[in-house]
$ cat my_file.txt   # compact mmCIF, C-alpha atoms
# COMPACT_ATOMS: atom_id res chain seq x y z
CA MET A 1244 -9.08 38.75 56.22
CA ASN A 1245 -8.54 37.61 52.68
CA VAL A 1246 -4.91 38.38 51.99
CA SER A 1247 -5.15 37.49 48.30
CA ILE A 1248 -7.78 40.19 47.82
CA LEU A 1249 -5.59 42.63 49.68
CA LYS A 1250 -2.65 41.74 47.47
CA ARG A 1251 -4.71 42.29 44.35
CA LYS A 1252 -5.86 45.69 45.62
CA CYS A 1253 -2.25 46.61 46.14
CA PHE A 1254 -1.40 45.78 42.53
CA LEU A 1255 -4.26 47.99 41.42
CA PHE A 1256 -3.03 50.84 43.58
CA PRO A 1257 -3.61 54.14 41.72
CA GLY A 1258 -2.02 57.48 42.52
CA SER A 1259 -5.04 58.88 44.23
CA VAL A 1260 -5.96 55.81 46.21
CA LEU A 1261 -7.04 56.00 49.77
CA LEU A 1262 -6.45 52.59 51.25
CA THR A 1263 -7.20 52.24 54.89
CA ILE A 1264 -7.08 48.84 56.49
CA MET A 1265 -7.50 48.59 60.17
CA PHE A 1266 -8.06 45.83 62.63
CA MET A 1267 -11.71 45.89 63.65
CA GLY A 1268 -12.52 46.12 67.33
CA ASN A 1269 -10.57 47.47 70.23
CA VAL A 1270 -7.58 49.71 69.96
CA SER A 1271 -4.34 47.73 69.78
CA ALA A 1272 -1.52 48.09 72.28
CA GLN A 1273 0.54 50.04 69.77
CA GLU A 1274 -2.32 52.39 68.95
CA LYS A 1275 -2.64 53.07 72.67
CA SER A 1276 0.97 54.26 72.76
CA HIS A 1277 0.39 56.64 69.86
CA TYR A 1278 0.24 60.31 70.67
CA MET A 1279 -3.03 61.74 69.35
CA ARG A 1280 -4.21 65.27 69.43
CA ILE A 1281 -6.99 67.48 68.14
CA ALA A 1282 -6.04 71.00 67.15
CA LYS A 1283 -8.82 73.57 66.76
CA ILE A 1284 -7.79 76.69 64.91
CA VAL A 1285 -9.69 79.82 63.98
CA VAL A 1286 -8.21 81.64 61.00
CA ASP A 1287 -8.52 85.25 59.85
CA SER A 1288 -11.11 85.06 57.07
CA ALA A 1289 -9.07 87.36 54.82
CA GLN A 1290 -6.16 84.90 55.05
CA LEU A 1291 -8.07 81.66 54.79
CA GLU A 1292 -6.82 80.45 51.41
CA ASN A 1293 -3.25 81.39 52.25
CA TYR A 1294 -3.60 79.54 55.53
CA LYS A 1295 -4.91 76.41 53.82
CA SER A 1296 -2.01 76.45 51.36
CA ALA A 1297 0.54 76.72 54.15
CA LEU A 1298 -1.23 74.00 56.13
CA ARG A 1299 -1.31 71.60 53.17
CA GLU A 1300 2.36 72.21 52.47
CA GLY A 1301 3.37 71.65 56.08
CA MET A 1302 1.21 68.54 56.46
CA SER A 1303 2.51 66.98 53.27
CA ALA A 1304 6.13 67.58 54.26
CA ALA A 1305 5.55 66.15 57.73
CA VAL A 1306 3.81 62.94 56.64
CA SER A 1307 6.20 62.42 53.71
CA ASN A 1308 9.44 63.00 55.59
CA GLU A 1309 8.88 62.14 59.24
CA PRO A 1310 8.54 58.45 60.14
CA GLY A 1311 6.71 59.30 63.35
CA VAL A 1312 4.01 61.52 61.84
CA LEU A 1313 1.41 58.87 61.02
CA SER A 1314 -1.56 60.92 59.87
CA LEU A 1315 -2.87 64.48 59.80
CA TYR A 1316 -6.50 65.01 58.83
CA ALA A 1317 -7.50 68.65 58.41
CA VAL A 1318 -11.09 69.76 57.89
CA PHE A 1319 -13.09 72.97 58.20
CA ASP A 1320 -16.58 73.47 59.58
CA LYS A 1321 -19.12 73.67 56.79
CA GLN A 1322 -21.04 76.41 58.62
CA HIS A 1323 -17.93 78.26 59.81
CA PRO A 1324 -15.21 77.85 57.15
CA THR A 1325 -12.63 79.72 59.22
CA HIS A 1326 -12.89 77.06 61.94
CA ILE A 1327 -10.32 74.36 61.26
CA THR A 1328 -9.90 71.03 63.04
CA ILE A 1329 -6.82 68.85 62.65
CA PHE A 1330 -6.88 65.28 63.88
CA GLU A 1331 -3.24 64.35 64.48
CA THR A 1332 -1.62 60.96 65.10
CA TYR A 1333 2.05 60.56 65.95
CA ALA A 1334 3.89 57.31 66.70
CA ASP A 1335 4.58 58.61 70.21
CA VAL A 1336 5.18 61.87 72.04
CA ASN A 1337 8.85 61.88 71.02
CA ALA A 1338 7.79 61.86 67.36
CA TYR A 1339 5.69 64.93 68.07
CA GLN A 1340 8.59 66.65 69.84
CA SER A 1341 10.79 65.95 66.83
CA HIS A 1342 8.08 67.20 64.49
CA ILE A 1343 7.94 70.66 66.02
CA GLN A 1344 11.70 71.04 65.57
CA THR A 1345 11.64 70.40 61.81
CA PRO A 1346 12.27 73.18 59.27
CA HIS A 1347 8.90 72.55 57.56
CA PHE A 1348 7.00 72.89 60.83
CA LYS A 1349 8.89 76.06 61.76
CA LYS A 1350 8.18 77.44 58.29
CA TYR A 1351 4.47 76.66 58.69
CA LYS A 1352 4.35 78.30 62.12
CA SER A 1353 6.07 81.48 60.97
CA THR A 1354 3.97 81.67 57.79
CA VAL A 1355 0.65 81.37 59.62
CA GLU A 1356 1.57 83.41 62.69
CA GLN A 1357 -0.45 86.43 61.56
CA MET A 1358 -3.28 84.32 60.09
CA VAL A 1359 -4.29 82.36 63.19
CA LYS A 1360 -6.73 84.04 65.56
CA SER A 1361 -6.88 81.21 68.10
CA LEU A 1362 -5.42 77.77 68.67
CA GLU A 1363 -6.73 75.14 71.06
CA LEU A 1364 -4.84 71.86 71.51
CA THR A 1365 -6.42 68.81 73.14
CA ASP A 1366 -4.56 65.59 73.86
CA VAL A 1367 -6.82 62.63 73.18
CA ILE A 1368 -6.72 58.87 73.69
CA PRO A 1369 -8.29 56.37 71.28
CA ILE A 1370 -11.41 54.41 72.20
CA ALA A 1371 -11.74 52.66 68.85
CA LEU A 1372 -10.33 53.43 65.39
CA GLU A 1373 -12.36 51.71 62.71
CA GLY A 1374 -11.72 51.98 59.01
CA LYS A 1375 -11.70 49.83 55.97
CA LYS A 1376 -9.95 49.57 52.69
CA GLU A 1377 -11.23 51.74 49.94
CA ALA A 1378 -9.89 51.92 46.40
CA LYS A 1379 -10.83 54.93 44.38
CA MET B 801 5.52 55.32 45.52
CA ASN B 802 7.43 52.07 45.52
CA VAL B 803 4.82 49.49 44.59
CA SER B 804 7.14 46.56 45.27
CA ILE B 805 7.52 47.71 48.87
CA LEU B 806 3.79 48.13 49.13
CA LYS B 807 3.27 44.63 47.81
CA ARG B 808 5.73 43.21 50.31
CA LYS B 809 4.00 45.06 53.14
CA CYS B 810 0.74 43.51 52.04
CA PHE B 811 2.21 40.03 52.28
CA LEU B 812 3.37 40.81 55.81
CA PHE B 813 -0.09 42.01 56.78
CA PRO B 814 -0.81 40.92 60.39
CA GLY B 815 -4.19 40.78 62.08
CA SER B 816 -3.73 43.95 64.05
CA VAL B 817 -2.20 46.04 61.32
CA LEU B 818 -3.14 49.60 60.77
CA LEU B 819 -2.29 50.27 57.17
CA THR B 820 -3.15 53.67 55.87
CA ILE B 821 -2.04 54.69 52.43
CA MET B 822 -3.19 57.97 51.09
CA PHE B 823 -2.26 60.12 48.15
CA MET B 824 -0.15 63.00 49.41
CA GLY B 825 -1.33 66.50 48.65
CA ASN B 826 -4.70 67.98 47.98
CA VAL B 827 -7.97 66.27 48.68
CA SER B 828 -9.14 64.23 45.67
CA ALA B 829 -12.44 64.79 43.92
CA GLN B 830 -13.88 61.66 45.50
CA GLU B 831 -12.76 62.70 48.98
CA LYS B 832 -14.52 66.01 48.41
CA SER B 833 -17.80 64.17 47.85
CA HIS B 834 -17.43 62.24 51.08
CA TYR B 835 -19.67 63.22 53.94
CA MET B 836 -17.55 63.99 56.98
CA ARG B 837 -18.67 64.92 60.42
CA ILE B 838 -17.32 65.49 63.90
CA ALA B 839 -19.52 64.34 66.78
CA LYS B 840 -18.76 65.70 70.24
CA ILE B 841 -20.41 63.77 73.05
CA VAL B 842 -20.35 64.22 76.80
CA VAL B 843 -21.12 61.04 78.70
CA ASP B 844 -22.39 60.46 82.23
CA SER B 845 -19.22 59.54 84.14
CA ALA B 846 -20.99 56.67 85.94
CA GLN B 847 -21.83 55.14 82.57
CA LEU B 848 -18.56 55.79 80.77
CA GLU B 849 -17.34 52.20 80.39
CA ASN B 850 -20.80 51.01 79.34
CA TYR B 851 -20.93 53.83 76.83
CA LYS B 852 -17.54 52.94 75.36
CA SER B 853 -18.59 49.30 74.98
CA ALA B 854 -21.77 50.25 73.15
CA LEU B 855 -19.87 52.69 70.96
CA ARG B 856 -17.20 50.13 70.01
CA GLU B 857 -19.88 47.56 69.17
CA GLY B 858 -21.85 50.00 67.03
CA MET B 859 -18.76 51.31 65.24
CA SER B 860 -17.46 47.84 64.48
CA ALA B 861 -20.82 46.73 63.08
CA ALA B 862 -21.11 49.85 60.94
CA VAL B 863 -17.64 49.70 59.38
CA SER B 864 -17.81 45.91 58.94
CA ASN B 865 -21.27 45.77 57.38
CA GLU B 866 -21.96 49.06 55.65
CA PRO B 867 -20.08 49.77 52.40
CA GLY B 868 -20.62 53.51 52.81
CA VAL B 869 -19.24 53.85 56.34
CA LEU B 870 -15.58 54.43 55.52
CA SER B 871 -14.08 55.22 58.91
CA LEU B 872 -15.05 56.09 62.46
CA TYR B 873 -12.32 57.30 64.81
CA ALA B 874 -13.42 57.71 68.42
CA VAL B 875 -11.22 59.31 71.08
CA PHE B 876 -11.66 60.84 74.51
CA ASP B 877 -10.04 63.94 75.96
CA LYS B 878 -7.13 63.01 78.19
CA GLN B 879 -8.04 65.74 80.68
CA HIS B 880 -11.81 65.14 80.46
CA PRO B 881 -12.37 61.41 79.87
CA THR B 882 -16.15 61.84 79.60
CA HIS B 883 -15.68 64.11 76.57
CA ILE B 884 -15.73 61.97 73.44
CA THR B 885 -14.97 63.03 69.88
CA ILE B 886 -15.83 60.88 66.85
CA PHE B 887 -14.37 61.74 63.47
CA GLU B 888 -16.74 60.18 60.93
CA THR B 889 -16.30 59.62 57.19
CA TYR B 890 -19.10 58.29 54.97
CA ALA B 891 -18.95 57.73 51.20
CA ASP B 892 -21.66 60.36 50.80
CA VAL B 893 -24.66 61.75 52.62
CA ASN B 894 -26.87 58.90 51.41
CA ALA B 895 -24.53 56.42 53.10
CA TYR B 896 -25.01 58.35 56.32
CA GLN B 897 -28.78 58.34 55.92
CA SER B 898 -28.69 54.58 55.40
CA HIS B 899 -26.41 54.18 58.41
CA ILE B 900 -28.87 55.75 60.84
CA GLN B 901 -31.57 53.32 59.70
CA THR B 902 -29.55 50.19 60.47
CA PRO B 903 -30.43 47.89 63.39
CA HIS B 904 -26.94 48.26 64.88
CA PHE B 905 -27.18 52.07 64.87
CA LYS B 906 -30.67 52.00 66.39
CA LYS B 907 -29.43 49.57 69.04
CA TYR B 908 -26.50 51.88 69.85
CA LYS B 909 -28.79 54.93 70.09
CA SER B 910 -31.27 53.21 72.39
CA THR B 911 -28.50 51.70 74.55
CA VAL B 912 -26.75 55.02 75.13
CA GLU B 913 -29.83 57.21 75.37
CA GLN B 914 -29.56 57.55 79.14
CA MET B 915 -25.74 57.73 79.11
CA VAL B 916 -25.28 60.76 76.86
CA LYS B 917 -25.46 64.19 78.50
CA SER B 918 -24.90 66.20 75.34
CA LEU B 919 -24.31 65.68 71.64
CA GLU B 920 -22.97 68.23 69.19
CA LEU B 921 -22.72 67.39 65.48
CA THR B 922 -20.64 69.42 63.06
CA ASP B 923 -20.52 68.82 59.31
CA VAL B 924 -16.98 69.31 58.05
CA ILE B 925 -15.20 69.45 54.70
CA PRO B 926 -11.68 68.14 54.11
CA ILE B 927 -8.76 70.50 53.50
CA ALA B 928 -6.12 67.77 53.33
CA LEU B 929 -6.05 64.18 54.54
CA GLU B 930 -2.51 62.94 54.90
CA GLY B 931 -1.53 59.51 56.10
CA LYS B 932 0.97 56.86 55.35
CA LYS B 933 1.33 53.16 55.49
CA GLU B 934 2.23 51.73 58.81
CA ALA B 935 2.76 48.09 59.63
CA LYS B 936 2.59 47.11 63.25
$ encode --input "my_file.txt" --output "structure tokens"
Amino acid sequence: MNVSILKRKCFLFPGSVLLTIMFMGNVSAQEKSHYMRIAKIVVDSAQLENYKSALREGMSAAVSNEPGVLSLYAVFDKQHPTHITIFETYADVNAYQSHIQTPHFKKYKSTVEQMVKSLELTDVIPIALEGKKEAK
Amino acid sequence: MNVSILKRKCFLFPGSVLLTIMFMGNVSAQEKSHYMRIAKIVVDSAQLENYKSALREGMSAAVSNEPGVLSLYAVFDKQHPTHITIFETYADVNAYQSHIQTPHFKKYKSTVEQMVKSLELTDVIPIALEGKKEAK
């Protein structure tokens, strides 16, 4: 990889940049030790916007403040907007255990308690995680 | 964000780094135009390792060679290793349409044709995409 190009991209880093650089190919040893999970959530349609606000707030606090919360990607199904999927990556299972004890997570859980109709959690293991840098 | 730290991290960039830097908060306008999809695939258990190899090869070729294939994250369910989920992000729907015309995608599809028991594709829209830099 051309490090000088990477360095230049970093200097150009804008506030809204999404910069993802990942080793191409197999999952590294450290990625294998990460704790990854997919959460599938169905939300009460009348509460959907309130739910999204609470989710964004909780996600932002977690990724900003917790070293072990590496990424949280939340999306909704285009055909079923109340069906949410969150793709979660923690440094390890201990980071996840710490996460669920934080005030921001507890606030999120209590806020959305009456908004969530179902929650399905699936532990997953990476096969390959491919991404590239992108400056916007 | 501390740009000087970012710059230093870039200099330390190792071959196997996963470096994800993303603006905290709401999804940006450009992220909203991205085409995102979740693919759920069930694989013949006898062909699982062959399937994973073909998938890794196809993913690597796509992200390396196609400007519009931004990221492909493939995982399997810990409790059901033949159940694969791929979280796909393309620059836009045209990038996806180009992707499925590439030789590497056609090779992947023909290779795995007899390995895949089911395939479910769901178009999704981002709510929030939170990640942070991580040097390994």
$ residues_around --input "my_file.txt" --residues "A:Val1318" --least-positions-apart "4" --cutoff "9 Å" --atoms "all atoms listed in the file" --output "number ranges by chain"
A: 1326-1330; B: 836, 924-929
$ atom_distance --input "my_file.txt" --atom1 "atom CA of A:Lys1321" --atom2 "atom CA of B:His834"
12.9 Å
$ residues_around --input "my_file.txt" --residues "A:Val1359" --least-positions-apart "6" --cutoff "9 Å" --atoms "all atoms listed in the file" --output "PyMOL selection string"
chain A and resi 1284-1287+1290+1294
$ residues_around --input "my_file.txt" --residues "A:Ala1297" --least-positions-apart "4" --cutoff "8 Å" --atoms "all atoms listed in the file" --output "list of chain:residue names"
A:Asn1293, A:Gly1301, A:Tyr1351, A:Thr1354, A:Val1355
$ closest_residue --input "my_file.txt" --among "A:Leu1313, A:Val1270, A:Ala1305, A:Leu1291" --to "chain B" --atoms "only C-alpha atoms"
A:Leu1313
$ closest_residue --input "my_file.txt" --among "A:Asp1366, A:Glu1373, A:Asp1335, A:Glu1300" --to "B:Gln879" --atoms "all atoms listed in the file"
A:Asp1366
$ residues_near_point --input "my_file.txt" --point "(-18.9, 48.0, 52.8)" --cutoff "12 Å" --atoms "all atoms listed in the file" --output "PyMOL selection string"
(chain A and resi 1374-1378) or (chain B and resi 860-871+890-891+895+899)
$ atom_distance --input "my_file.txt" --atom1 "atom CA of A:Arg1299" --atom2 "atom CA of A:His1347"
11.2 Å
$ atom_distance --input "my_file.txt" --atom1 "atom CA of B:Glu849" --atom2 "atom CA of B:Glu913"
14.4 Å
$ closest_residue --input "my_file.txt" --among "A:Leu1315, A:Lys1350, A:Val1336, A:Thr1325" --to "chain B" --atoms "all atoms listed in the file"
A:Leu1315
